[in-house]
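Heads up, the thing below is written out as structure tokens.
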Amino acid sequence: MVAGETSGDLLAGLLLDGIKQDWPLSEAMGIGGVQMARRGFQAWWPSEKLAVRGYVEVLRHYLEIIGIRRQLKARLISERPSVFIGVDAPDFNLDLEKDLKSAGIKTVHFICPSIWAWRPERVVKIKVSVDHVLCIFPFEKALLEKHGIAASYVGHPLANVIPLAPDRQAARRRLGLGENDSVVALLPGSRKSEIRYLAHRFFKAAELMSRQRPELRFLLPVVPSVHHDLMLAADAAGMQERVRFLQEGSHEVLAACDVAMMASGTATLEAALFKRPMVIAYAMNPLTYWLMKSKQLLPWIGLPNILCRNFVVPELIQQQATPQNLARMTLAWLDDTKRVAELEQTFTKLHHDLQRDTSRLAVHAIHQVLAS
């Protein structure tokens, strides 16, 4: 297995639960993170090595990443696992899967690359690289099958992990928060490139918000690999004492908060499943953004908006993601209870749409691949 970042590590860990249940003597190894390690995964390299997004950013790490993939390919072809499962990270995994499939090793890709949002030409590579795709969104199976790619809709694993009605007050008690505290979650991302472009904007926005509302409580769940960078950014904005850094993880924070300010990514879907209002932001190297923008197929970048086919939550991209805009739009959620209630209904429907027995369906699909 290969999972290339924090969100992939989380999804792979949930998949490993199902694999271990059906195949208790199975062994899993490759590239992974903390969640996978908790299930007995043997990480030959940590997932952080692949946690790079964007054309320009990848160039800085290109030689190391290519070297890892070359070594991993040689080891897997030599040891010949029963199946290789690439978890997201399509730029790394699809090329690896193509070589492994050519060598006669079964390949499964968990999470359909977002060909419906950008880079639709990638469907050609998927077809030659993967024996089966495990899809987490309902519309992806038909799209892939139209191109002759075997696929299964398995639902989104997080829709089973996160309860339909999260216990907000219990989460607040565990975090030592008062029932009536106004709580803002800050999630500027888990990659160093995200922190570089977003962290200072988030902390400055928090500083602007705290001036208007001194009673606000700010929570930030910390990923160890970027902890130091976040502390430096908070200190530069004069917010190190105002923001509470937590090791508990994003789920506890999202369950407890009133609103979240967050980088675009899987965490935005987690926030939606917790029925929380949010403001989505993203910023990157200008050249990377220009290259990606030219291949974008949809008007939205945030998963909640893509899945709802509407701007149900605000998105602030590149120059729009100013501290002033972030602060204004985040505070707006706190003042509009009717809008929040409507959003909660929208996200509850979305939760039902994504809820399936993901582990069982995924393992069943892997069974079929192994039997073919």
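To be explicit about the labels: the chains of the structure tokens are called A, B, and onward in the order shown, and within each one the residues are counted from 1, while ligands get numbers from 1 in the order they are shown.
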Excluding Arg360 in chain A and its own-chain neighbours fewer than 4 positions away, which residues fall within 10 Å of it when counting only C-alpha atoms? Please give them as a PDB file with C-alpha atoms, in the first residue's frame.
ATOM      1  CA  LEU A  15      -9.481   0.201   4.809  1.00  0.00           C
ATOM      2  CA  ASP A  17      -9.562  -2.487   9.417  1.00  0.00           C
ATOM      3  CA  GLY A  18     -11.681  -4.305   6.830  1.00  0.00           C
ATOM      4  CA  ILE A  19      -8.724  -6.146   5.328  1.00  0.00           C
ATOM      5  CA  GLN A  21     -11.095  -8.572   9.539  1.00  0.00           C
ATOM      6  CA  ASP A  22     -11.302 -10.699   6.375  1.00  0.00           C
ATOM      7  CA  VAL A 154     -17.813   1.871  -1.663  1.00  0.00           C
ATOM      8  CA  ARG A 356     -22.076   2.754   2.986  1.00  0.00           C
ATOM      9  CA  HIS A 364     -15.347  -7.603  -1.573  1.00  0.00           C
ATOM     10  CA  ALA A 365     -13.982  -5.711  -4.589  1.00  0.00           C
ATOM     11  CA  ILE A 366     -10.417  -6.694  -3.680  1.00  0.00           C
TER      12      ILE A 366
END
Would you tabulate, counting only C-alpha atoms, all residues of range 135-225 of chain A that have an atom at most 12 Å from an atom of range 328-333 of chain A, showing the closest pair of atoms and their distance in Å to one decimal, sorted by chain then ascending number, as JSON lines?
{"residue": "A:Ser182", "atom": "CA", "partner": "A:Leu331", "partner_atom": "CA", "distance": 10.4}
{"residue": "A:Val183", "atom": "CA", "partner": "A:Leu331", "partner_atom": "CA", "distance": 10.9}
{"residue": "A:Val184", "atom": "CA", "partner": "A:Thr330", "partner_atom": "CA", "distance": 8.4}
{"residue": "A:Ala185", "atom": "CA", "partner": "A:Thr330", "partner_atom": "CA", "distance": 10.2}
{"residue": "A:Leu186", "atom": "CA", "partner": "A:Thr330", "partner_atom": "CA", "distance": 10.6}
{"residue": "A:Phe202", "atom": "CA", "partner": "A:Thr330", "partner_atom": "CA", "distance": 10.8}
{"residue": "A:Ala205", "atom": "CA", "partner": "A:Arg328", "partner_atom": "CA", "distance": 8.5}
{"residue": "A:Ala206", "atom": "CA", "partner": "A:Thr330", "partner_atom": "CA", "distance": 9.5}
{"residue": "A:Glu207", "atom": "CA", "partner": "A:Arg328", "partner_atom": "CA", "distance": 11.9}
{"residue": "A:Leu208", "atom": "CA", "partner": "A:Arg328", "partner_atom": "CA", "distance": 9.0}
{"residue": "A:Met209", "atom": "CA", "partner": "A:Leu331", "partner_atom": "CA", "distance": 7.3}
{"residue": "A:Ser210", "atom": "CA", "partner": "A:Leu331", "partner_atom": "CA", "distance": 10.3}
{"residue": "A:Arg211", "atom": "CA", "partner": "A:Leu331", "partner_atom": "CA", "distance": 11.9}
{"residue": "A:Gln212", "atom": "CA", "partner": "A:Leu331", "partner_atom": "CA", "distance": 9.5}
{"residue": "A:Arg213", "atom": "CA", "partner": "A:Leu331", "partner_atom": "CA", "distance": 9.3}
{"residue": "A:Leu216", "atom": "CA", "partner": "A:Leu331", "partner_atom": "CA", "distance": 10.2}
*Skipping near chain neighbours, those fewer than 6 positions away, what residues fall within 12 Å of Leu230 in chain A using only C-alpha atoms, listed as number ranges by chain?*
A: 186-203, 220-224, 236-237, 239-240, 243-246
*Would you mind writing down, as a ChimeraX atom specification, each residue of range 84-171 of chain A that DSSP on the backbone assigns to helix (DSSP H, G or I)?*
/A:90-102,122-129,140-146,158-161,168-171
Pick out the residues sitting within 10 Å of Arg38 in chain A, and hand them over as an mmCIF file with N, CA and C atoms, in the first residue's frame; count only C-alpha atoms, and ignore anything fewer than 4 positions along from it in its own chain.
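Below is the file that was written, around_11.cif:
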data_model
loop_
_atom_site.group_PDB
_atom_site.id
_atom_site.type_symbol
_atom_site.label_atom_id
_atom_site.label_comp_id
_atom_site.auth_asym_id
_atom_site.auth_seq_id
_atom_site.Cartn_x
_atom_site.Cartn_y
_atom_site.Cartn_z
ATOM 1 N N GLY A 13 -5.987 3.589 6.788
ATOM 2 C CA GLY A 13 -6.159 2.940 8.084
ATOM 3 C C GLY A 13 -7.533 2.318 8.216
ATOM 4 N N LEU A 16 -7.667 -0.766 6.099
ATOM 5 C CA LEU A 16 -6.923 -1.859 6.735
ATOM 6 C C LEU A 16 -7.763 -2.569 7.795
ATOM 7 N N GLY A 33 1.429 6.195 7.171
ATOM 8 C CA GLY A 33 1.585 7.107 8.294
ATOM 9 C C GLY A 33 1.121 6.493 9.602
ATOM 10 N N VAL A 34 0.773 7.369 10.527
ATOM 11 C CA VAL A 34 0.466 6.974 11.900
ATOM 12 C C VAL A 34 -0.746 6.050 11.974
ATOM 13 N N GLN A 42 3.643 -1.902 8.028
ATOM 14 C CA GLN A 42 5.100 -1.722 8.032
ATOM 15 C C GLN A 42 5.461 -0.616 7.044
#
